[in-house]
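Reproduced below: upload_2.csv, with CSV, C-alpha atoms.
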chain,number,residue,atom,x,y,z
A,1,ALA,CA,-152.0,77.8,30.4
A,2,LEU,CA,-149.2,80.2,30.7
A,3,TYR,CA,-149.2,83.0,28.1
A,4,LEU,CA,-146.2,85.0,26.9
A,5,SER,CA,-147.1,88.2,25.0
A,6,ARG,CA,-144.8,90.4,23.0
A,7,ILE,CA,-145.8,94.0,22.5
A,8,LEU,CA,-143.9,96.5,20.3
A,9,LEU,CA,-144.1,100.1,21.5
A,10,ASN,CA,-143.3,103.4,19.8
A,11,PRO,CA,-140.2,104.8,21.5
A,12,ARG,CA,-141.2,108.4,20.6
A,13,SER,CA,-144.5,108.2,22.3
A,14,ARG,CA,-144.8,110.5,25.3
A,15,GLN,CA,-146.7,107.9,27.2
A,16,VAL,CA,-144.1,105.2,26.4
A,17,ILE,CA,-141.2,107.5,27.5
A,18,SER,CA,-143.0,108.3,30.7
A,19,GLU,CA,-143.8,104.6,31.5
A,20,LEU,CA,-140.3,103.5,30.9
A,21,ASP,CA,-139.2,106.1,33.5
A,22,HIS,CA,-142.0,105.0,35.8
A,23,PRO,CA,-142.6,101.2,35.4
A,24,TYR,CA,-145.5,101.1,37.8
A,25,GLU,CA,-147.5,103.3,35.3
A,26,MET,CA,-146.7,100.8,32.5
A,27,HIS,CA,-147.9,98.0,34.9
A,28,ARG,CA,-151.2,99.9,35.3
A,29,THR,CA,-151.6,100.2,31.6
A,30,LEU,CA,-150.9,96.5,30.9
A,31,LEU,CA,-153.4,95.3,33.6
A,32,ARG,CA,-156.2,96.8,31.5
A,33,ALA,CA,-155.8,93.8,29.2
A,34,PHE,CA,-157.2,91.5,31.9
A,35,PRO,CA,-160.7,90.8,33.3
A,36,GLU,CA,-161.9,92.7,36.3
A,37,VAL,CA,-161.7,90.8,39.6
A,38,PRO,CA,-164.3,90.7,42.3
A,39,GLU,CA,-164.0,93.4,45.0
A,40,GLY,CA,-162.1,92.2,48.0
A,41,SER,CA,-160.2,89.5,46.0
A,42,PRO,CA,-156.5,89.7,45.0
A,43,GLY,CA,-155.9,92.3,42.3
A,44,PRO,CA,-155.4,91.2,38.6
A,45,ARG,CA,-151.6,91.1,38.9
A,46,ASP,CA,-151.9,88.4,41.6
A,47,ALA,CA,-155.0,86.7,40.2
A,48,PHE,CA,-153.4,86.2,36.8
A,49,SER,CA,-149.7,86.1,37.8
A,50,VAL,CA,-148.9,89.1,35.5
A,51,LEU,CA,-145.2,89.7,35.0
A,52,PHE,CA,-143.6,92.1,32.5
A,53,ARG,CA,-140.2,93.4,31.4
A,54,ALA,CA,-139.5,96.3,29.0
A,55,GLU,CA,-136.5,96.0,26.8
A,56,SER,CA,-135.1,98.9,24.8
A,57,GLY,CA,-133.0,97.8,21.8
A,58,ASP,CA,-132.1,99.7,18.7
A,59,PRO,CA,-132.9,103.4,19.3
A,60,SER,CA,-134.5,103.6,15.9
A,61,GLY,CA,-136.6,100.5,16.5
A,62,PRO,CA,-139.5,99.6,18.9
A,63,VAL,CA,-139.4,99.1,22.6
A,64,THR,CA,-140.2,95.4,23.3
A,65,VAL,CA,-142.4,94.6,26.3
A,66,LEU,CA,-142.8,90.9,27.3
A,67,VAL,CA,-145.8,90.1,29.4
A,68,GLN,CA,-146.4,86.7,31.0
A,69,SER,CA,-149.8,85.7,32.5
A,70,THR,CA,-152.0,82.7,33.3
A,71,GLU,CA,-154.9,84.5,31.6
A,72,ARG,CA,-154.9,85.4,27.9
A,73,ALA,CA,-154.6,89.1,27.6
A,74,ASP,CA,-156.8,91.3,25.2
A,75,TRP,CA,-154.4,93.9,23.8
A,76,THR,CA,-156.8,95.5,21.4
A,77,PHE,CA,-157.3,98.5,23.7
A,78,LEU,CA,-153.7,99.5,23.1
A,79,GLU,CA,-154.7,100.4,19.5
A,80,ARG,CA,-156.8,103.2,20.9
A,81,LEU,CA,-153.9,104.9,22.7
A,82,PRO,CA,-152.5,107.6,20.5
A,83,GLU,CA,-149.1,106.7,19.0
A,84,TYR,CA,-148.5,104.1,21.7
A,85,LEU,CA,-147.9,101.1,19.5
A,86,TRP,CA,-145.1,100.6,17.0
A,87,GLN,CA,-146.6,100.8,13.6
A,88,GLU,CA,-144.7,99.0,10.8
A,89,ARG,CA,-146.3,97.7,7.6
A,90,GLY,CA,-146.5,94.0,7.5
A,91,SER,CA,-145.8,93.4,11.2
A,92,ALA,CA,-148.3,93.1,14.1
A,93,PRO,CA,-147.5,95.3,17.1
A,94,TYR,CA,-148.5,92.5,19.5
A,95,ASP,CA,-148.8,88.7,19.6
A,96,TYR,CA,-148.9,85.9,22.2
A,97,LYS,CA,-148.4,82.2,22.7
A,98,ASN,CA,-149.1,79.6,25.3
A,99,ILE,CA,-145.6,78.5,26.5
A,100,LEU,CA,-146.8,75.9,29.0
A,101,PRO,CA,-146.7,72.9,26.6
A,102,SER,CA,-143.0,73.4,25.8
A,103,LEU,CA,-142.2,74.0,29.5
A,104,LYS,CA,-143.8,70.7,30.5
A,105,ARG,CA,-141.4,68.9,28.2
A,106,LEU,CA,-138.4,70.0,30.2
A,107,GLU,CA,-136.4,67.3,31.9
A,108,PRO,CA,-134.0,67.4,34.8
A,109,GLY,CA,-130.5,68.4,33.8
A,110,ARG,CA,-131.7,70.6,30.8
A,111,VAL,CA,-129.5,73.7,30.4
A,112,LEU,CA,-131.2,76.9,29.3
A,113,SER,CA,-130.0,80.4,28.7
A,114,PHE,CA,-132.0,83.0,30.7
A,115,ARG,CA,-132.6,86.7,31.3
A,116,LEU,CA,-134.1,88.1,34.4
A,117,ARG,CA,-134.5,91.7,35.7
A,118,ALA,CA,-134.9,91.6,39.4
A,119,ASN,CA,-134.7,93.6,42.6
A,120,PRO,CA,-132.3,91.5,44.9
A,121,THR,CA,-132.8,92.3,48.6
A,122,ARG,CA,-132.2,90.8,52.0
A,123,ARG,CA,-134.0,91.2,55.2
A,124,VAL,CA,-132.0,92.7,58.1
A,125,ALA,CA,-132.0,90.2,60.9
A,126,LYS,CA,-129.6,91.6,63.6
A,127,GLN,CA,-131.5,92.4,66.8
A,128,ASP,CA,-129.5,95.5,67.5
A,129,ASP,CA,-129.8,96.9,64.0
A,130,PRO,CA,-132.3,99.9,63.7
A,131,MET,CA,-133.2,98.5,60.2
A,132,LYS,CA,-134.2,95.1,61.7
A,133,GLY,CA,-137.0,93.5,59.7
A,134,LYS,CA,-136.6,95.9,56.7
A,135,ARG,CA,-135.3,94.9,53.3
A,136,VAL,CA,-132.1,96.4,51.9
A,137,GLU,CA,-130.8,96.1,48.4
A,138,LEU,CA,-127.8,94.0,47.5
A,139,SER,CA,-125.4,96.1,45.5
A,140,ARG,CA,-122.4,93.8,45.3
A,141,GLU,CA,-122.4,91.5,42.2
A,142,GLN,CA,-121.4,88.4,44.3
A,143,ASP,CA,-124.2,89.0,46.7
A,144,GLN,CA,-126.6,89.4,43.8
A,145,LEU,CA,-125.4,86.1,42.3
A,146,ASP,CA,-125.7,84.3,45.7
A,147,TRP,CA,-129.2,85.7,46.0
A,148,LEU,CA,-130.2,84.2,42.6
A,149,ALA,CA,-128.6,80.9,43.5
A,150,ARG,CA,-130.7,80.7,46.6
A,151,LYS,CA,-133.8,81.4,44.6
A,152,GLY,CA,-133.0,78.3,42.6
A,153,THR,CA,-132.3,75.9,45.4
A,154,GLY,CA,-135.1,77.3,47.6
A,155,SER,CA,-133.0,77.2,50.8
A,156,GLY,CA,-135.8,77.1,53.3
A,157,GLU,CA,-138.5,78.5,50.9
A,158,ARG,CA,-140.4,76.6,48.3
A,159,PRO,CA,-138.0,74.9,45.8
A,160,GLY,CA,-137.0,77.0,42.8
A,161,GLY,CA,-136.2,74.0,40.6
A,162,PHE,CA,-133.0,75.2,39.1
A,163,GLU,CA,-129.3,75.9,39.7
A,164,LEU,CA,-126.8,78.2,38.1
A,165,VAL,CA,-124.4,76.6,35.7
A,166,THR,CA,-120.8,77.0,36.8
A,167,LYS,CA,-117.4,76.7,35.2
A,168,SER,CA,-114.1,75.7,36.8
A,169,ALA,CA,-111.4,78.3,37.3
A,170,GLN,CA,-108.5,79.1,39.6
A,171,ASP,CA,-108.2,81.9,42.2
A,172,SER,CA,-105.1,84.0,42.8
A,173,ASN,CA,-103.7,81.3,45.0
A,174,GLY,CA,-104.1,78.7,42.3
A,175,GLU,CA,-107.0,77.0,44.1
A,176,ALA,CA,-109.8,75.5,42.1
A,177,ILE,CA,-113.0,77.4,42.3
A,178,SER,CA,-116.4,77.3,40.6
A,179,LEU,CA,-117.7,80.5,38.9
A,180,PRO,CA,-121.4,80.8,37.8
A,181,CYS,CA,-121.9,81.3,34.0
A,182,VAL,CA,-124.1,84.3,34.9
A,183,HIS,CA,-123.5,88.0,34.6
A,184,ALA,CA,-125.3,90.4,37.0
A,185,CYS,CA,-125.4,94.0,35.8
A,186,SER,CA,-126.8,96.7,38.1
A,187,GLU,CA,-128.8,99.1,35.9
A,188,ARG,CA,-130.4,101.9,37.6
A,189,LYS,CA,-132.7,102.9,40.5
A,190,VAL,CA,-136.4,102.5,39.7
A,191,LEU,CA,-138.6,105.1,41.3
A,192,GLY,CA,-141.9,104.0,42.7
A,193,LEU,CA,-144.7,104.9,45.1
A,194,LYS,CA,-145.3,102.6,48.0
A,195,LYS,CA,-148.9,102.7,49.0
A,196,GLN,CA,-150.1,102.5,52.6
A,197,PRO,CA,-153.6,103.0,54.0
A,198,GLY,CA,-154.4,106.7,53.7
A,199,ALA,CA,-150.9,107.6,52.5
A,200,GLY,CA,-147.9,106.6,50.5
A,201,HIS,CA,-144.2,107.4,50.1
A,202,ARG,CA,-141.7,107.3,47.3
A,203,VAL,CA,-139.2,104.4,47.2
A,204,THR,CA,-136.2,103.6,45.0
A,205,GLN,CA,-135.4,100.0,44.0
A,206,LEU,CA,-132.2,98.7,42.5
A,207,SER,CA,-132.7,97.1,39.0
A,208,VAL,CA,-130.3,94.2,38.3
A,209,LEU,CA,-130.3,92.4,34.9
A,210,PHE,CA,-129.1,88.8,35.2
A,211,GLU,CA,-128.1,86.9,32.0
A,212,GLY,CA,-126.5,83.5,31.7
A,213,LEU,CA,-127.1,79.7,32.0
A,214,LEU,CA,-129.1,77.7,34.4
A,215,ARG,CA,-129.8,74.0,34.8
A,216,VAL,CA,-133.3,72.6,35.5
A,217,THR,CA,-133.2,70.4,38.6
A,218,ASP,CA,-136.9,69.9,39.2
A,219,PRO,CA,-139.1,70.6,36.2
A,220,GLY,CA,-142.4,70.9,38.1
A,221,ALA,CA,-140.9,73.4,40.7
A,222,PHE,CA,-139.2,75.3,37.9
A,223,VAL,CA,-142.4,75.8,36.0
A,224,GLU,CA,-144.0,77.1,39.2
A,225,THR,CA,-141.1,79.5,39.7
A,226,LEU,CA,-141.5,80.8,36.1
A,227,ALA,CA,-145.2,81.3,36.6
A,228,ARG,CA,-144.9,83.2,39.9
A,229,GLY,CA,-141.7,85.2,39.1
A,230,ILE,CA,-138.6,85.7,41.1
A,231,GLY,CA,-138.1,88.3,43.9
A,232,SER,CA,-140.1,91.3,45.0
A,233,SER,CA,-141.6,94.5,43.4
A,234,LYS,CA,-143.1,92.7,40.4
A,235,ALA,CA,-145.4,95.6,39.7
A,236,PHE,CA,-142.3,97.6,38.8
A,237,GLY,CA,-141.2,95.3,36.0
A,238,PHE,CA,-139.2,92.8,38.0
A,239,GLY,CA,-139.4,89.0,38.3
A,240,LEU,CA,-140.0,87.8,34.8
A,241,LEU,CA,-137.6,84.9,34.0
A,242,SER,CA,-137.2,84.3,30.3
A,243,VAL,CA,-135.6,81.1,29.1
A,244,ALA,CA,-134.5,79.7,25.7
A,245,PRO,CA,-132.6,76.7,24.4
A,246,VAL,CA,-128.9,76.9,24.3
A,247,ARG,CA,-127.5,76.8,20.8
A,248,ALA,CA,-125.6,73.8,19.7
A,249,SER,CA,-122.4,75.8,19.4
A,250,GLY,CA,-122.5,76.4,23.1
A,251,GLN,CA,-123.4,80.1,22.8
A,252,ASP,CA,-126.4,81.5,24.6
A,253,GLY,CA,-129.7,81.6,22.9
A,254,ALA,CA,-131.5,85.0,23.1
A,255,PRO,CA,-134.0,84.7,26.0

When written as structure tokens, how does the structure in this file appear?
Amino acid sequence: ALYLSRILLNPRSRQVISELDHPYEMHRTLLRAFPEVPEGSPGPRDAFSVLFRAESGDPSGPVTVLVQSTERADWTFLERLPEYLWQERGSAPYDYKNILPSLKRLEPGRVLSFRLRANPTRRVAKQDDPMKGKRVELSREQDQLDWLARKGTGSGERPGGFELVTKSAQDSNGEAISLPCVHACSERKVLGLKKQPGAGHRVTQLSVLFEGLLRVTDPGAFVETLARGIGSSKAFGFGLLSVAPVRASGQDGAP
């Protein structure tokens, strides 16, 4: 099974405001919905492939948090957090569904609209670079799009099972080029604490929101990609790939 939960949070809650500024704290809250794991084994995030993304919409409305996991979450504990959930008569503040059956019906060539918040990075490989072996953020939009395209093809890693949909255009010289039907928007730097044995230090990570169209090339590999997430720093709200059918008019569906 692969569960997708939707939680509506109160945007005026002090805890919610704090967790939006510090996503790792929201991650810690969300993990309380999952069973404890044996000591010495992978933590619940890895054990249950927990991914999440917070989305702020209308300032007068709730904050929507999407949570994906291989284990069904028990969100009832959230009702005990003061003013944490969005309370509106006639609507439940949280729900969930198993999305795996619909994903298993995907066929090669299927075009989907998608949304992904990720932390695109590259590992420095130059021998004479003092940063060799460390990861650095990709701040240029073209580099970010190339990074996502590589995640789809796999290029040396496990296959991603998808490719970015492109459209034909002309460059300034009149040459035919292909442009991805994807927009990459650099949002903000996310502050986090990187833990090390006996210590820890603060790190900042670039948040990039990708939206557009992708084409499924290998349904099995694509479902695995969805389940494990894309990129690094998943405990900070990165990596959840949301997909939806494309509307018949050719416009994007809302992921």

message = I'd like the neighbourhood of range 111-117 of chain A as a ChimeraX atom specification, where a residue qualifies if any of its atoms comes within 7 Å (using all atoms listed in the file), though same-chain residues fewer than 2 positions away should be ignored.
response = /A:109,207-216,238-246,252-253,255

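Atom pair CA of Glu163 in chain A / CA of Tyr96 in chain A has a distance of 28.1 Å (rounded to one decimal).
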
request  = Enter the distance from CA of Tyr84 in chain A to CA of Ile17 in chain A, in Å, rounded to one decimal.
outcome  = 9.9 Å

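For the choices A:Phe222, A:Trp86, A:Trp75, A:Phe236, the atom-to-atom distance to Ala54 in chain A is smallest for A:Phe236 when using all atoms listed in the file.
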
inquiry  = Just want the 9 Å neighbourhood of Thr217 in chain A, counted on only C-alpha atoms, with same-chain residues fewer than 5 positions away dropped. Output as a PyMOL selection string.
reply    = chain A and resi 107-110+152-153+160-163+222

Go ahead and dump the residues you just picked, C-alpha atoms, as a PDB file, in the frame of the given file.
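Result file out06.pdb:
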ATOM      1  CA  GLU A 107    -136.400  67.300  31.900  1.00  0.00           C
ATOM      2  CA  PRO A 108    -134.000  67.400  34.800  1.00  0.00           C
ATOM      3  CA  GLY A 109    -130.500  68.400  33.800  1.00  0.00           C
ATOM      4  CA  ARG A 110    -131.700  70.600  30.800  1.00  0.00           C
ATOM      5  CA  GLY A 152    -133.000  78.300  42.600  1.00  0.00           C
ATOM      6  CA  THR A 153    -132.300  75.900  45.400  1.00  0.00           C
ATOM      7  CA  GLY A 160    -137.000  77.000  42.800  1.00  0.00           C
ATOM      8  CA  GLY A 161    -136.200  74.000  40.600  1.00  0.00           C
ATOM      9  CA  PHE A 162    -133.000  75.200  39.100  1.00  0.00           C
ATOM     10  CA  GLU A 163    -129.300  75.900  39.700  1.00  0.00           C
ATOM     11  CA  PHE A 222    -139.200  75.300  37.900  1.00  0.00           C
TER      12      PHE A 222
END

key: Pairwise distance for CA of Val16 in chain A and CA of Val63 in chain A, rounded to one decimal in Å   = 8.6 Å

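Proximity of A:Pro219, A:Arg150, A:Thr225, A:Leu85 to Lys104 in chain A, computed with only C-alpha atoms, is greatest for A:Pro219.
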
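For Ala235 in chain A, the non-local neighbours within 9 Å, defined as residues at least 2 positions apart in the same chain or in other chains and counting all atoms listed in the file, are A:Pro23, A:Tyr24, A:Met26, A:His27, A:Arg28, A:Arg45, A:Val50, A:Leu51, A:Phe52, A:Ser232, A:Ser233, A:Gly237, A:Phe238.
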
Of the listed residues A:Val67, A:Leu179, A:Ala184, A:Leu164, that which approaches Glu141 in chain A most closely, counting only C-alpha atoms = A:Ala184

Write out as AutoDock Vina command-line options an axis-aligned box for range 42-56 of chain A: all of its atoms listed in the file, 4 Å added on each side, centre and edge lengths in Å with one decimal.
--center_x -145.8 --center_y 92.5 --center_z 34.9 --size_x 29.4 --size_y 20.8 --size_z 28.2

task = Dig up all the protein and nucleic acid residues within 6 Å of (-154.8, 82.4, 34.7) in the file frame, using all atoms listed in the file, and format them as an NGL selection string.
result = :A and (48 or 70-71)
